[in-house]
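Visitor: Data file structure.tsv (TSV, C-alpha atoms) is appended below.
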```tsv
chain	number	residue	atom	x	y	z
Y	81	MET	CA	-112.81	-143.01	-86.31
Y	82	ASN	CA	-112.01	-140.34	-83.87
Y	83	ASP	CA	-111.50	-136.92	-85.34
Y	84	LYS	CA	-108.69	-136.29	-82.96
Y	85	ILE	CA	-105.29	-137.47	-84.08
Y	86	SER	CA	-101.91	-137.09	-82.52
Y	87	THR	CA	-99.18	-136.05	-84.90
Y	88	PHE	CA	-95.70	-134.68	-84.85
Y	89	PHE	CA	-93.56	-133.07	-87.51
Y	90	LEU	CA	-90.05	-134.02	-88.36
Y	91	GLY	CA	-88.07	-132.71	-91.32
Y	92	GLY	CA	-91.18	-131.28	-92.94
Y	93	LEU	CA	-93.00	-134.65	-92.80
Y	94	THR	CA	-96.14	-135.39	-90.82
Y	95	PHE	CA	-96.10	-138.44	-88.62
Y	96	ASN	CA	-99.39	-139.82	-87.35
Y	97	ILE	CA	-98.54	-141.59	-84.10
Y	98	GLY	CA	-101.86	-143.44	-83.77
Y	99	ASN	CA	-101.57	-145.04	-87.22
Y	100	MET	CA	-97.92	-145.89	-86.72
Y	101	VAL	CA	-98.68	-147.65	-83.45
Y	102	ALA	CA	-101.54	-149.57	-85.09
Y	103	ALA	CA	-99.35	-150.68	-88.01
Y	104	THR	CA	-96.54	-151.67	-85.68
Y	105	VAL	CA	-98.91	-153.73	-83.55
Y	106	ALA	CA	-100.28	-155.49	-86.64
Y	107	ALA	CA	-96.78	-156.18	-87.97
Y	108	ALA	CA	-95.66	-157.44	-84.56
Y	109	ILE	CA	-98.65	-159.78	-84.35
Y	110	VAL	CA	-97.89	-161.12	-87.84
Y	111	LEU	CA	-94.23	-161.61	-87.00
Y	112	VAL	CA	-94.92	-163.33	-83.70
Y	113	ILE	CA	-97.57	-165.63	-85.17
Y	114	VAL	CA	-95.56	-166.60	-88.25
Y	115	VAL	CA	-92.32	-167.13	-86.34
Y	116	TRP	CA	-94.12	-169.11	-83.64
Y	117	LEU	CA	-95.81	-171.26	-86.28
Y	118	SER	CA	-92.53	-171.89	-88.06
Y	119	ARG	CA	-90.70	-173.24	-85.01
Y	120	ASN	CA	-89.76	-176.89	-84.94
Y	121	LEU	CA	-90.65	-177.68	-88.54
Y	122	GLN	CA	-90.63	-181.34	-89.47
Y	123	VAL	CA	-90.18	-182.90	-92.89
Y	124	ARG	CA	-93.07	-185.09	-91.94
Y	125	PRO	CA	-95.48	-182.74	-90.17
Y	126	THR	CA	-96.69	-183.91	-86.79
Y	127	SER	CA	-97.94	-180.70	-85.21
Y	128	LYS	CA	-101.13	-178.81	-85.93
Y	129	LYS	CA	-99.36	-175.46	-86.09
Y	130	GLN	CA	-97.15	-176.68	-88.91
Y	131	ALA	CA	-100.24	-177.81	-90.78
Y	132	VAL	CA	-101.77	-174.36	-90.25
Y	133	LEU	CA	-98.63	-172.62	-91.49
Y	134	GLU	CA	-98.34	-174.90	-94.51
Y	135	SER	CA	-102.00	-174.34	-95.37
Y	136	ILE	CA	-101.55	-170.55	-95.24
Y	137	ILE	CA	-98.38	-170.69	-97.34
Y	138	ASP	CA	-99.99	-173.06	-99.79
Y	139	PHE	CA	-102.96	-170.73	-100.15
Y	140	SER	CA	-100.83	-167.59	-100.53
Y	141	ASN	CA	-98.49	-169.34	-102.98
Y	142	THR	CA	-101.41	-170.47	-105.13
Y	143	THR	CA	-102.88	-166.98	-105.03
Y	144	THR	CA	-99.57	-165.31	-105.80
Y	145	ARG	CA	-98.84	-167.67	-108.64
Y	146	GLY	CA	-102.13	-166.85	-110.37
Y	147	SER	CA	-101.47	-167.31	-114.08
Y	148	MET	CA	-97.71	-166.88	-113.75
Y	149	SER	CA	-95.31	-169.71	-114.51
Y	150	ASP	CA	-93.68	-171.42	-111.52
Y	151	SER	CA	-90.24	-169.96	-112.17
Y	152	ASP	CA	-91.66	-166.44	-112.55
Y	153	ALA	CA	-93.76	-166.71	-109.41
Y	154	ALA	CA	-90.95	-168.13	-107.23
Y	155	SER	CA	-89.45	-164.74	-106.33
Y	156	PHE	CA	-92.82	-163.21	-105.37
Y	157	LYS	CA	-94.02	-165.95	-103.04
Y	158	LEU	CA	-92.52	-164.43	-99.91
Y	159	TYR	CA	-93.95	-161.01	-100.81
Y	160	GLY	CA	-97.39	-162.49	-101.47
Y	161	PHE	CA	-97.30	-164.42	-98.21
Y	162	VAL	CA	-96.32	-161.43	-96.06
Y	163	LEU	CA	-98.82	-159.23	-97.87
Y	164	PHE	CA	-101.67	-161.69	-97.35
Y	165	VAL	CA	-100.99	-162.33	-93.68
Y	166	LEU	CA	-100.33	-158.67	-92.88
Y	167	ILE	CA	-103.49	-157.40	-94.59
Y	168	PHE	CA	-105.59	-160.18	-93.07
Y	169	VAL	CA	-104.33	-159.48	-89.54
Y	170	SER	CA	-104.64	-155.71	-90.07
Y	171	ASN	CA	-108.22	-156.05	-91.25
Y	172	GLN	CA	-109.23	-158.18	-88.27
Y	173	LEU	CA	-107.29	-156.19	-85.69
Y	174	GLY	CA	-109.69	-153.25	-85.57
Y	175	LEU	CA	-112.70	-155.54	-85.30
Y	176	MET	CA	-111.42	-157.13	-82.13
Y	177	LEU	CA	-109.51	-154.38	-80.43
Y	178	GLN	CA	-109.63	-150.61	-80.43
Y	179	VAL	CA	-107.60	-148.78	-77.85
Y	180	ASP	CA	-108.33	-145.12	-77.31
Y	181	VAL	CA	-106.11	-142.92	-75.18
Y	182	ASN	CA	-107.31	-139.36	-74.61
Y	183	GLY	CA	-109.61	-139.65	-77.60
Y	184	VAL	CA	-106.82	-140.76	-79.94
Y	185	THR	CA	-107.18	-144.32	-81.30
Y	186	TYR	CA	-103.85	-146.12	-81.03
Y	187	VAL	CA	-104.80	-149.72	-81.78
Y	188	LYS	CA	-107.13	-150.25	-84.73
Y	189	SER	CA	-107.03	-151.62	-88.26
Y	190	PRO	CA	-104.03	-149.98	-89.92
Y	191	THR	CA	-105.75	-150.73	-93.24
Y	192	ALA	CA	-108.37	-148.12	-92.27
Y	193	ASP	CA	-105.61	-145.58	-92.91
Y	194	PRO	CA	-105.28	-144.71	-96.64
Y	195	MET	CA	-101.57	-144.15	-96.29
Y	196	PHE	CA	-101.07	-147.73	-95.18
Y	197	THR	CA	-102.99	-149.26	-98.09
Y	198	MET	CA	-101.44	-146.84	-100.58
Y	199	THR	CA	-98.00	-147.79	-99.28
Y	200	LEU	CA	-98.73	-151.45	-99.90
Y	201	ALA	CA	-100.19	-150.59	-103.33
Y	202	LEU	CA	-97.07	-148.58	-104.09
Y	203	PHE	CA	-94.97	-151.62	-103.17
Y	204	THR	CA	-96.95	-153.87	-105.46
Y	205	ILE	CA	-96.94	-151.46	-108.41
Y	206	ALA	CA	-93.23	-150.69	-107.99
Y	207	LEU	CA	-92.47	-154.41	-107.76
Y	208	SER	CA	-94.48	-155.14	-110.91
Y	209	HIS	CA	-92.62	-152.47	-112.90
Y	210	TYR	CA	-89.30	-153.68	-111.55
Y	211	ALA	CA	-90.16	-157.26	-112.49
Y	212	GLY	CA	-91.18	-156.10	-115.97
Y	213	VAL	CA	-87.87	-154.30	-116.56
Y	214	LYS	CA	-85.94	-157.25	-115.15
Y	215	LYS	CA	-87.74	-159.80	-117.31
Y	216	LEU	CA	-88.09	-157.98	-120.64
Y	217	GLY	CA	-85.38	-155.33	-120.46
Y	218	PHE	CA	-86.28	-151.66	-120.37
Y	219	GLY	CA	-87.19	-151.45	-124.07
Y	220	GLY	CA	-89.36	-154.54	-123.93
Y	221	TYR	CA	-90.97	-153.42	-120.70
Y	222	PHE	CA	-91.76	-149.95	-122.07
Y	223	LYS	CA	-93.20	-151.32	-125.30
Y	224	ASN	CA	-95.19	-154.02	-123.48
Y	225	THR	CA	-96.59	-151.68	-120.85
Y	226	TYR	CA	-97.26	-148.43	-122.68
Y	227	LEU	CA	-97.27	-149.02	-126.44
Y	228	GLU	CA	-99.48	-152.09	-126.71
Y	229	PRO	CA	-101.68	-152.72	-128.57
Y	230	PHE	CA	-101.13	-149.37	-130.40
Y	231	VAL	CA	-98.54	-146.66	-130.08
Y	232	PHE	CA	-101.21	-144.01	-129.50
Y	233	TRP	CA	-102.41	-146.09	-126.54
Y	234	PHE	CA	-99.69	-144.41	-124.51
Y	235	PRO	CA	-101.81	-141.81	-122.67
Y	236	LEU	CA	-104.43	-144.39	-121.76
Y	237	ALA	CA	-101.77	-146.85	-120.58
Y	238	LEU	CA	-100.19	-144.18	-118.46
Y	239	PHE	CA	-103.56	-143.35	-116.94
Y	240	GLU	CA	-104.25	-147.06	-116.42
Y	241	GLU	CA	-101.04	-147.48	-114.44
Y	242	PHE	CA	-102.00	-144.58	-112.21
Y	243	SER	CA	-105.56	-145.82	-111.73
Y	244	ASN	CA	-104.28	-149.33	-110.96
Y	245	PHE	CA	-102.21	-147.87	-108.18
Y	246	LEU	CA	-105.08	-145.79	-106.81
Y	247	THR	CA	-107.79	-148.45	-106.99
Y	248	LEU	CA	-105.55	-151.14	-105.50
Y	249	GLY	CA	-104.93	-149.07	-102.40
Y	250	LEU	CA	-108.27	-147.31	-102.09
Y	251	ARG	CA	-110.38	-150.45	-102.51
Y	252	LEU	CA	-108.86	-152.00	-99.42
Y	253	PHE	CA	-108.94	-148.74	-97.50
Y	254	GLY	CA	-112.56	-148.03	-98.46
Y	255	VAL	CA	-113.89	-151.40	-97.42
Y	256	ILE	CA	-112.13	-151.48	-94.05
Y	257	TYR	CA	-112.67	-147.79	-93.28
Y	258	ALA	CA	-116.37	-147.99	-94.08
Y	259	GLY	CA	-116.64	-151.17	-92.01
Y	260	GLU	CA	-115.08	-149.47	-88.99
Y	261	ILE	CA	-117.22	-146.34	-89.41
Y	262	LEU	CA	-120.36	-148.43	-89.44
Y	263	LEU	CA	-119.19	-150.47	-86.45
Y	264	LYS	CA	-118.58	-147.28	-84.49
Y	265	LEU	CA	-121.89	-145.77	-85.55
Y	266	VAL	CA	-123.82	-148.84	-84.48
Y	267	GLY	CA	-121.78	-149.01	-81.27
Y	268	GLY	CA	-122.40	-145.35	-80.51
Y	269	LEU	CA	-126.09	-145.77	-81.15
Y	270	ALA	CA	-126.22	-148.84	-78.91
Y	271	PHE	CA	-124.79	-146.98	-75.95
Y	272	SER	CA	-126.85	-143.85	-76.53
Y	273	ASN	CA	-130.09	-144.80	-74.80
Y	274	GLY	CA	-129.29	-147.29	-72.10
Y	275	ILE	CA	-130.05	-151.00	-71.86
Y	276	VAL	CA	-132.83	-151.10	-74.46
Y	277	THR	CA	-130.70	-149.97	-77.37
Y	278	ILE	CA	-127.78	-152.11	-76.21
Y	279	ILE	CA	-129.90	-155.26	-76.40
Y	280	GLY	CA	-131.66	-154.15	-79.54
Y	281	LEU	CA	-128.53	-153.27	-81.51
Y	282	ALA	CA	-126.25	-156.07	-80.26
Y	283	PRO	CA	-127.37	-158.51	-83.00
Y	284	ILE	CA	-126.82	-155.87	-85.70
Y	285	GLU	CA	-123.34	-155.14	-84.38
Y	286	LEU	CA	-122.65	-158.87	-84.24
Y	287	ILE	CA	-123.80	-159.43	-87.81
Y	288	TRP	CA	-121.79	-156.50	-89.11
Y	289	GLN	CA	-118.68	-157.72	-87.25
Y	290	ALA	CA	-119.07	-161.16	-88.80
Y	291	PHE	CA	-119.52	-159.60	-92.22
Y	292	SER	CA	-116.42	-157.43	-91.63
Y	293	ILE	CA	-114.36	-160.50	-90.79
Y	294	PHE	CA	-115.50	-162.00	-94.08
Y	295	LEU	CA	-114.77	-158.76	-95.95
Y	296	GLY	CA	-111.34	-158.51	-94.34
Y	297	ALA	CA	-110.42	-162.01	-95.50
Y	298	ILE	CA	-111.80	-161.37	-99.00
Y	299	GLN	CA	-109.92	-158.07	-99.31
Y	300	ALA	CA	-106.63	-159.69	-98.28
Y	301	TYR	CA	-107.19	-162.34	-100.96
Y	302	VAL	CA	-108.19	-159.72	-103.55
Y	303	PHE	CA	-105.13	-157.61	-102.83
Y	304	VAL	CA	-102.74	-160.54	-103.32
Y	305	THR	CA	-104.62	-161.69	-106.43
Y	306	LEU	CA	-104.41	-158.22	-107.98
Y	307	THR	CA	-100.72	-158.06	-107.08
Y	308	SER	CA	-100.24	-161.28	-109.01
Y	309	VAL	CA	-102.30	-159.97	-111.94
Y	310	TYR	CA	-100.34	-156.71	-112.16
Y	311	ILE	CA	-96.98	-158.45	-111.94
Y	312	ASN	CA	-98.05	-160.99	-114.53
Y	313	GLY	CA	-99.20	-158.18	-116.85
Y	314	LYS	CA	-95.79	-156.57	-116.63
Y	315	ILE	CA	-93.64	-159.67	-117.16
Y	316	SER	CA	-95.60	-161.42	-119.91
Y	317	ALA	CA	-95.50	-159.89	-123.36
Y	318	GLU	CA	-98.99	-159.82	-124.77
I	288	MET	CA	-107.10	-128.96	-98.84
I	289	LEU	CA	-107.45	-131.52	-101.62
I	290	SER	CA	-106.12	-134.45	-99.62
I	291	GLN	CA	-108.53	-133.57	-96.84
I	292	LEU	CA	-111.39	-133.83	-99.32
I	293	VAL	CA	-110.24	-137.08	-100.93
I	294	PHE	CA	-109.08	-139.08	-97.94
I	295	GLY	CA	-110.86	-137.36	-95.09
I	296	ALA	CA	-107.55	-136.58	-93.44
I	297	GLU	CA	-104.38	-134.75	-94.16
I	298	LEU	CA	-101.88	-137.02	-95.90
I	299	ALA	CA	-99.11	-137.89	-93.47
I	300	TYR	CA	-96.08	-138.63	-95.65
I	301	GLY	CA	-93.94	-139.28	-92.61
I	302	THR	CA	-96.27	-142.09	-91.66
I	303	MET	CA	-95.98	-143.46	-95.19
I	304	LEU	CA	-92.20	-143.50	-94.83
I	305	TYR	CA	-92.61	-145.31	-91.55
I	306	TYR	CA	-94.94	-147.86	-93.20
I	307	LEU	CA	-92.40	-148.48	-95.97
I	308	VAL	CA	-89.64	-149.16	-93.47
I	309	LEU	CA	-91.97	-151.22	-91.28
I	310	PHE	CA	-93.08	-153.38	-94.18
I	311	LEU	CA	-89.53	-153.93	-95.42
I	312	VAL	CA	-88.38	-154.88	-91.92
I	313	LEU	CA	-91.35	-157.25	-91.54
I	314	VAL	CA	-90.57	-158.95	-94.86
I	315	LEU	CA	-86.91	-159.22	-93.92
I	316	LEU	CA	-87.62	-160.65	-90.46
I	317	ILE	CA	-90.13	-163.15	-91.80
I	318	LYS	CA	-87.68	-164.15	-94.51
I	319	VAL	CA	-84.91	-164.79	-91.99
I	320	PHE	CA	-86.91	-166.37	-89.19
I	321	ALA	CA	-89.71	-168.19	-91.01
I	322	TRP	CA	-89.32	-168.34	-94.77
I	323	LYS	CA	-85.83	-169.85	-94.84
I	324	PRO	CA	-86.59	-172.69	-92.40
I	325	ILE	CA	-89.84	-173.37	-94.25
I	326	ASN	CA	-88.11	-173.52	-97.62
I	327	LYS	CA	-85.34	-175.67	-96.17
I	328	MET	CA	-87.93	-178.07	-94.80
I	329	LEU	CA	-89.87	-178.10	-98.08
I	330	ASN	CA	-86.70	-178.79	-100.07
I	331	GLU	CA	-85.78	-181.59	-97.68
I	332	ARG	CA	-89.28	-183.00	-98.11
I	333	THR	CA	-88.97	-182.85	-101.89
I	334	GLN	CA	-85.58	-184.56	-101.77
I	335	GLN	CA	-86.82	-187.20	-99.39
I	336	ILE	CA	-89.84	-187.96	-101.55
I	337	VAL	CA	-87.65	-188.20	-104.65
I	338	SER	CA	-85.12	-190.46	-102.93
I	339	ASP	CA	-87.93	-192.55	-101.44
I	340	ILE	CA	-89.43	-193.08	-104.89
I	341	ASP	CA	-86.00	-193.92	-106.33
I	342	SER	CA	-85.12	-196.37	-103.57
I	343	ALA	CA	-88.56	-197.97	-103.82
I	344	LYS	CA	-88.02	-198.47	-107.54
I	345	GLN	CA	-84.60	-199.94	-106.90
I	346	LYS	CA	-85.92	-202.26	-104.20
I	347	HIS	CA	-88.66	-203.35	-106.56
I	348	GLN	CA	-86.12	-204.19	-109.26
I	349	GLU	CA	-83.97	-206.06	-106.77
I	350	ALA	CA	-86.96	-208.03	-105.57
I	351	ASP	CA	-87.86	-208.85	-109.16
I	352	SER	CA	-84.38	-210.06	-109.99
I	353	LEU	CA	-84.23	-212.06	-106.76
I	354	ALA	CA	-87.55	-213.71	-107.52
I	355	LYS	CA	-86.34	-214.53	-111.03
I	356	GLN	CA	-83.07	-215.91	-109.67
I	357	ARG	CA	-84.95	-218.03	-107.16
I	358	GLN	CA	-87.27	-219.33	-109.85
I	359	ASP	CA	-84.28	-220.20	-112.04
I	360	GLU	CA	-82.61	-221.98	-109.17
I	361	LEU	CA	-85.80	-223.85	-108.39
I	362	ASN	CA	-86.12	-224.96	-112.01
I	363	LYS	CA	-82.46	-225.97	-112.02
I	364	SER	CA	-82.80	-228.01	-108.85
I	365	HIS	CA	-85.94	-229.63	-110.31
I	366	ASP	CA	-83.92	-230.59	-113.36
I	367	GLU	CA	-81.08	-231.83	-111.21
I	368	ALA	CA	-83.41	-233.89	-109.07
I	369	SER	CA	-85.02	-235.51	-112.08
I	370	THR	CA	-81.59	-236.20	-113.57
I	371	ILE	CA	-80.50	-237.82	-110.32
I	372	ILE	CA	-83.65	-239.92	-110.21
I	373	THR	CA	-83.25	-240.94	-113.84
I	374	ASN	CA	-79.63	-241.82	-113.28
I	375	ALA	CA	-80.49	-243.81	-110.19
I	376	LYS	CA	-83.23	-245.63	-112.06
I	377	GLN	CA	-80.88	-246.42	-114.92
I	378	ALA	CA	-78.20	-247.59	-112.51
I	379	GLY	CA	-80.71	-249.71	-110.68
I	380	GLN	CA	-81.98	-251.15	-113.93
I	381	LYS	CA	-78.43	-251.91	-115.02
I	382	GLN	CA	-77.58	-253.48	-111.70
I	383	GLN	CA	-80.75	-255.51	-111.81
I	384	GLU	CA	-79.95	-256.73	-115.29
I	385	GLN	CA	-76.37	-257.41	-114.21
I	386	ILE	CA	-77.54	-259.41	-111.23
I	387	VAL	CA	-80.03	-261.35	-113.29
I	388	SER	CA	-77.55	-262.07	-116.04
I	389	ASP	CA	-74.91	-263.02	-113.47
I	390	ALA	CA	-77.36	-265.33	-111.81
I	391	GLN	CA	-78.31	-266.78	-115.15
I	392	SER	CA	-74.71	-267.33	-116.14
I	393	ASP	CA	-73.96	-268.82	-112.72
I	394	ALA	CA	-76.93	-271.11	-113.04
I	395	GLN	CA	-75.82	-272.04	-116.53
I	396	THR	CA	-72.32	-272.80	-115.29
I	397	ILE	CA	-73.64	-274.89	-112.43
I	398	LYS	CA	-75.97	-276.66	-114.79
I	399	ASP	CA	-73.17	-277.27	-117.27
I	400	ASN	CA	-70.91	-278.51	-114.53
I	401	ALA	CA	-73.63	-280.82	-113.29
I	402	HIS	CA	-74.19	-282.10	-116.80
I	403	LYS	CA	-70.48	-282.61	-117.24
I	404	SER	CA	-70.07	-284.46	-113.97
I	405	ILE	CA	-73.13	-286.58	-114.71
I	406	GLU	CA	-71.71	-287.36	-118.14
I	407	GLN	CA	-68.35	-288.08	-116.58
I	408	GLU	CA	-69.97	-290.39	-114.07
I	409	ARG	CA	-71.93	-292.08	-116.75
I	410	GLN	CA	-68.75	-292.51	-118.79
I	411	ASP	CA	-66.99	-293.87	-115.74
I	412	VAL	CA	-69.84	-296.22	-114.97
I	413	LEU	CA	-69.93	-297.33	-118.59
I	414	ALA	CA	-66.24	-297.89	-118.65
I	415	ASN	CA	-66.41	-299.87	-115.41
I	416	THR	CA	-69.30	-301.86	-116.71
I	417	LYS	CA	-67.36	-302.58	-119.88
I	418	ASN	CA	-64.42	-303.70	-117.84
I	419	ASP	CA	-66.66	-305.79	-115.66
I	420	VAL	CA	-68.39	-307.32	-118.67
I	421	ALA	CA	-65.05	-308.04	-120.24
I	422	ASN	CA	-63.77	-309.59	-117.05
I	423	LEU	CA	-66.95	-311.51	-116.63
I	424	SER	CA	-66.84	-312.72	-120.21
I	425	ILE	CA	-63.24	-313.78	-119.70
I	426	GLU	CA	-64.17	-315.58	-116.48
I	427	ILE	CA	-67.19	-317.17	-118.12
I	428	ALA	CA	-65.11	-318.22	-121.04
I	429	SER	CA	-62.43	-319.68	-118.78
I	430	LYS	CA	-65.11	-321.52	-116.73
I	431	ILE	CA	-66.66	-322.90	-119.89
I	432	ILE	CA	-63.33	-323.99	-121.09
I	433	GLN	CA	-62.41	-325.58	-117.76
I	434	LYS	CA	-65.65	-327.61	-117.33
I	435	GLU	CA	-68.24	-329.24	-119.52
I	436	LEU	CA	-71.54	-327.93	-118.74
I	437	LYS	CA	-74.83	-329.66	-118.41
I	438	ALA	CA	-78.10	-328.03	-119.02
I	439	ASN	CA	-79.17	-328.21	-115.38
I	440	ASP	CA	-75.82	-327.36	-114.11
I	441	GLN	CA	-75.69	-324.35	-116.36
I	442	LYS	CA	-78.70	-322.87	-114.68
I	443	ALA	CA	-77.18	-323.11	-111.24
I	444	LEU	CA	-73.88	-321.91	-112.58
I	445	ILE	CA	-75.30	-318.85	-114.21
I	446	ASP	CA	-77.26	-318.01	-111.09
I	447	SER	CA	-74.19	-318.34	-108.98
I	448	TYR	CA	-72.31	-316.04	-111.33
I	449	ILE	CA	-75.01	-313.52	-111.31
I	450	GLU	CA	-75.04	-313.68	-107.58
I	451	GLY	CA	-71.35	-313.31	-107.64
I	452	LEU	CA	-71.71	-310.31	-109.91
I	453	GLY	CA	-74.13	-308.76	-107.51
I	454	LYS	CA	-71.74	-309.30	-104.66
I	455	GLN	CA	-68.95	-307.93	-106.73
I	456	ASN	CA	-71.02	-304.84	-107.55
I	457	GLU	CA	-71.96	-304.42	-103.93
I	458	SER	CA	-68.46	-304.82	-102.81
I	459	ARG	CA	-67.36	-302.15	-105.28
```
Starting from the file, give its structure as structure tokens.
Guide:
Amino acid sequence: MNDKISTFFLGGLTFNIGNMVAATVAAAIVLVIVVWLSRNLQVRPTSKKQAVLESIIDFSNTTTRGSMSDSDAASFKLYGFVLFVLIFVSNQLGLMLQVDVNGVTYVKSPTADPMFTMTLALFTIALSHYAGVKKLGFGGYFKNTYLEPFVFWFPLALFEEFSNFLTLGLRLFGVIYAGEILLKLVGGLAFSNGIVTIIGLAPIELIWQAFSIFLGAIQAYVFVTLTSVYINGKISAE
Amino acid sequence: MLSQLVFGAELAYGTMLYYLVLFLVLVLLIKVFAWKPINKMLNERTQQIVSDIDSAKQKHQEADSLAKQRQDELNKSHDEASTIITNAKQAGQKQQEQIVSDAQSDAQTIKDNAHKSIEQERQDVLANTKNDVANLSIEIASKIIQKELKANDQKALIDSYIEGLGKQNESR
């Protein structure tokens, strides 16, 4: 992480250009890959790319479904799929490519920005509350979410909703941010003292990169799983 | 600043707004360009599998009924063949009996006719013989009456008559 960031203000809001570029690049990569994979679909698959796409969708659908019933899960499958692919690509992006211009990082993992992960968490939490109201009606949703198992549970339930939102976003951010920090530290150390440290620290960098790829995949899976759990908690009366 | 302490950077709400829009646009684009064709293909696949199973079931039933029909027809033709053979055997038997009985009756008729004609001939011969004997007796009687016979002469006379009889018989 470079300390330097490039920002601009518009209507009292701060815009971080570096993070926006990173998120746009990740979203563009996702869009291009998914649309490319979904060209020329056959009822009876003959191409490898269709098999890849179907495997991803199958995985994300299974993850999104979780313990929901099929009819409940149907409307969240697209959301779960986009979420999974976007977070996965975002997590891996910074491991492969970091573009610095004048000390400002423009291409990196957008998930290393807390605002990005909190935005996704906000989406998931908002969607779960919306689904709860839609399924149970507002009265049923309110009772199910805040007044169960006891009426005086209300403050705790309220706090739980808030902590769900925070932990969902910050878990992903923390893992990816810490991963990138460590990568940069090891990288900086490697280039600090010439050829000896480069050779000596290359394996450590390699191992940490491999571990980060693993963590990135796991975090994408965890995020979608928790999305499913939160939505299921809102739509099923306990 | 609190946000500086918590997140290590100032919270950029404008960026958050941008992320929201970006994510919504991404979901929308993926829905239009990827999700719909995928779902269409998956539905088609489901339909095709269902219709394949249905048509396979139907074909199976048709094959079963055809096999049954064929078996029935085979049994029927077996029955028909055995009926035809039985009929033919019976007809043959009948014809054989007919032929034998015809032959027997023909033989009987021929035999009867032969008997009759033999009897007739015998009767005729008998009648002729009677006539001949009568004539002969009359001749003999007239000869006896015409001439006194001596014992020696009688022998020659009788021989001559018998000879004459033989000639008469031959000439007849």
Visitor: At a cut-off of 6 Å, list the chain Y residues touching chain I, using only C-alpha atoms, as a list in words.
Guide: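 So the contacting residues turn out to be Leu93, Thr94, Phe95, Asn96, Val115, Ser118, Val123 and Met195 of chain Y.
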Visitor: Between atom CA of Gly296 of chain Y and atom CA of Ile315 of chain Y, measure the distance and give it in Å to one decimal.
Guide: 28.9 Å
Visitor: Quick one: pull the distance between atom CA of Leu173 of chain Y and atom CA of Ile287 of chain Y, Å, one decimal.
Guide: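 According to the coordinates, atom CA of Leu173 of chain Y and atom CA of Ile287 of chain Y are separated by 17.0 Å.
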Visitor: If we count all atoms listed in the file, what is near Ile109 of chain Y at a cut-off of 10 Å, once residues fewer than 2 positions away on the same chain are taken out, given as a VMD selection string?
Guide: chain Y and resid 103 to 107 111 to 115 165 to 166 169 to 170 173
Visitor: Show which residues sit within 12 Å of Ala282 of chain Y, as a ChimeraX atom specification. Count only C-alpha atoms, and ignore same-chain residues fewer than 2 positions away.
Guide: /Y:263,266-271,275-280,284-289
Visitor: Dump C-alpha atoms for the selected residues as a PDB file, in the frame of the given file?
Guide:
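File written: selection-v1.pdb
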```
ATOM      1  CA  LEU Y 263    -119.190-150.470 -86.450  1.00  0.00           C
ATOM      2  CA  VAL Y 266    -123.820-148.840 -84.480  1.00  0.00           C
ATOM      3  CA  GLY Y 267    -121.780-149.010 -81.270  1.00  0.00           C
ATOM      4  CA  GLY Y 268    -122.400-145.350 -80.510  1.00  0.00           C
ATOM      5  CA  LEU Y 269    -126.090-145.770 -81.150  1.00  0.00           C
ATOM      6  CA  ALA Y 270    -126.220-148.840 -78.910  1.00  0.00           C
ATOM      7  CA  PHE Y 271    -124.790-146.980 -75.950  1.00  0.00           C
ATOM      8  CA  ILE Y 275    -130.050-151.000 -71.860  1.00  0.00           C
ATOM      9  CA  VAL Y 276    -132.830-151.100 -74.460  1.00  0.00           C
ATOM     10  CA  THR Y 277    -130.700-149.970 -77.370  1.00  0.00           C
ATOM     11  CA  ILE Y 278    -127.780-152.110 -76.210  1.00  0.00           C
ATOM     12  CA  ILE Y 279    -129.900-155.260 -76.400  1.00  0.00           C
ATOM     13  CA  GLY Y 280    -131.660-154.150 -79.540  1.00  0.00           C
ATOM     14  CA  ILE Y 284    -126.820-155.870 -85.700  1.00  0.00           C
ATOM     15  CA  GLU Y 285    -123.340-155.140 -84.380  1.00  0.00           C
ATOM     16  CA  LEU Y 286    -122.650-158.870 -84.240  1.00  0.00           C
ATOM     17  CA  ILE Y 287    -123.800-159.430 -87.810  1.00  0.00           C
ATOM     18  CA  TRP Y 288    -121.790-156.500 -89.110  1.00  0.00           C
ATOM     19  CA  GLN Y 289    -118.680-157.720 -87.250  1.00  0.00           C
TER      20      GLN Y 289
END
```
Visitor: I need the residue nearest Phe196 of chain Y from this list: Y:Gly254, Y:Gly219, Y:Gly212, Y:Gly146. Use all atoms listed in the file for the distance.
Guide: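 Looking at the shortest contact to Phe196 of chain Y, the residue is Y:Gly254.
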Visitor: What's the separation between atom CA of Ser388 of chain I and atom CA of Lys376 of chain I, in Å to one decimal place?
Guide: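 So the answer is 17.8 Å.
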Visitor: Pick out the closest residue to Tyr257 of chain Y from this set: Y:Asn244, Y:Ala192, Y:Leu227, Y:Asn312. Count all atoms listed in the file.
Guide: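 Smallest distance to Tyr257 of chain Y is found for Y:Ala192.
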Visitor: First collect every listed atom of segment 391-406 of chain I; then fit an axis-aligned box around them, widen it by 3 Å on each side, and give centre and edge lengths in Å to one decimal, as JSON.
Guide:
```
{"center_x": -74.2, "center_y": -277.1, "center_z": -115.3, "size_x": 14.2, "size_y": 26.6, "size_z": 11.7}
```
Visitor: Can you tell me which residues surround Leu236 of chain Y at a distance of at most 12 Å, considering only C-alpha atoms, apart from same-chain residues fewer than 6 positions away, and format the answer as an MDAnalysis selection string?
Guide: chainID Y and resid 225:230 242:244
Visitor: Can you build me a table of segment 157-188 of chain Y residues sitting at most 12 Å from segment 197-201 of chain Y, with the closest atom pair per residue and its distance in Å to one decimal, using all atoms listed in the file, sorted by chain and residue number, as a Markdown table?
Guide:
```
| residue | atom | partner | partner_atom | distance |
| --- | --- | --- | --- | --- |
| Y:Tyr159 | CA | Y:Leu200 | CA | 10.7 |
| Y:Gly160 | CA | Y:Leu200 | CA | 11.2 |
| Y:Val162 | CA | Y:Leu200 | CA | 11.0 |
| Y:Leu163 | CA | Y:Leu200 | CA | 8.0 |
| Y:Phe164 | CA | Y:Leu200 | CA | 11.0 |
| Y:Leu166 | CA | Y:Leu200 | CA | 10.2 |
| Y:Ile167 | CA | Y:Thr197 | CA | 8.9 |
| Y:Ser170 | CA | Y:Thr197 | CA | 10.4 |
| Y:Asn171 | CA | Y:Thr197 | CA | 11.0 |
```
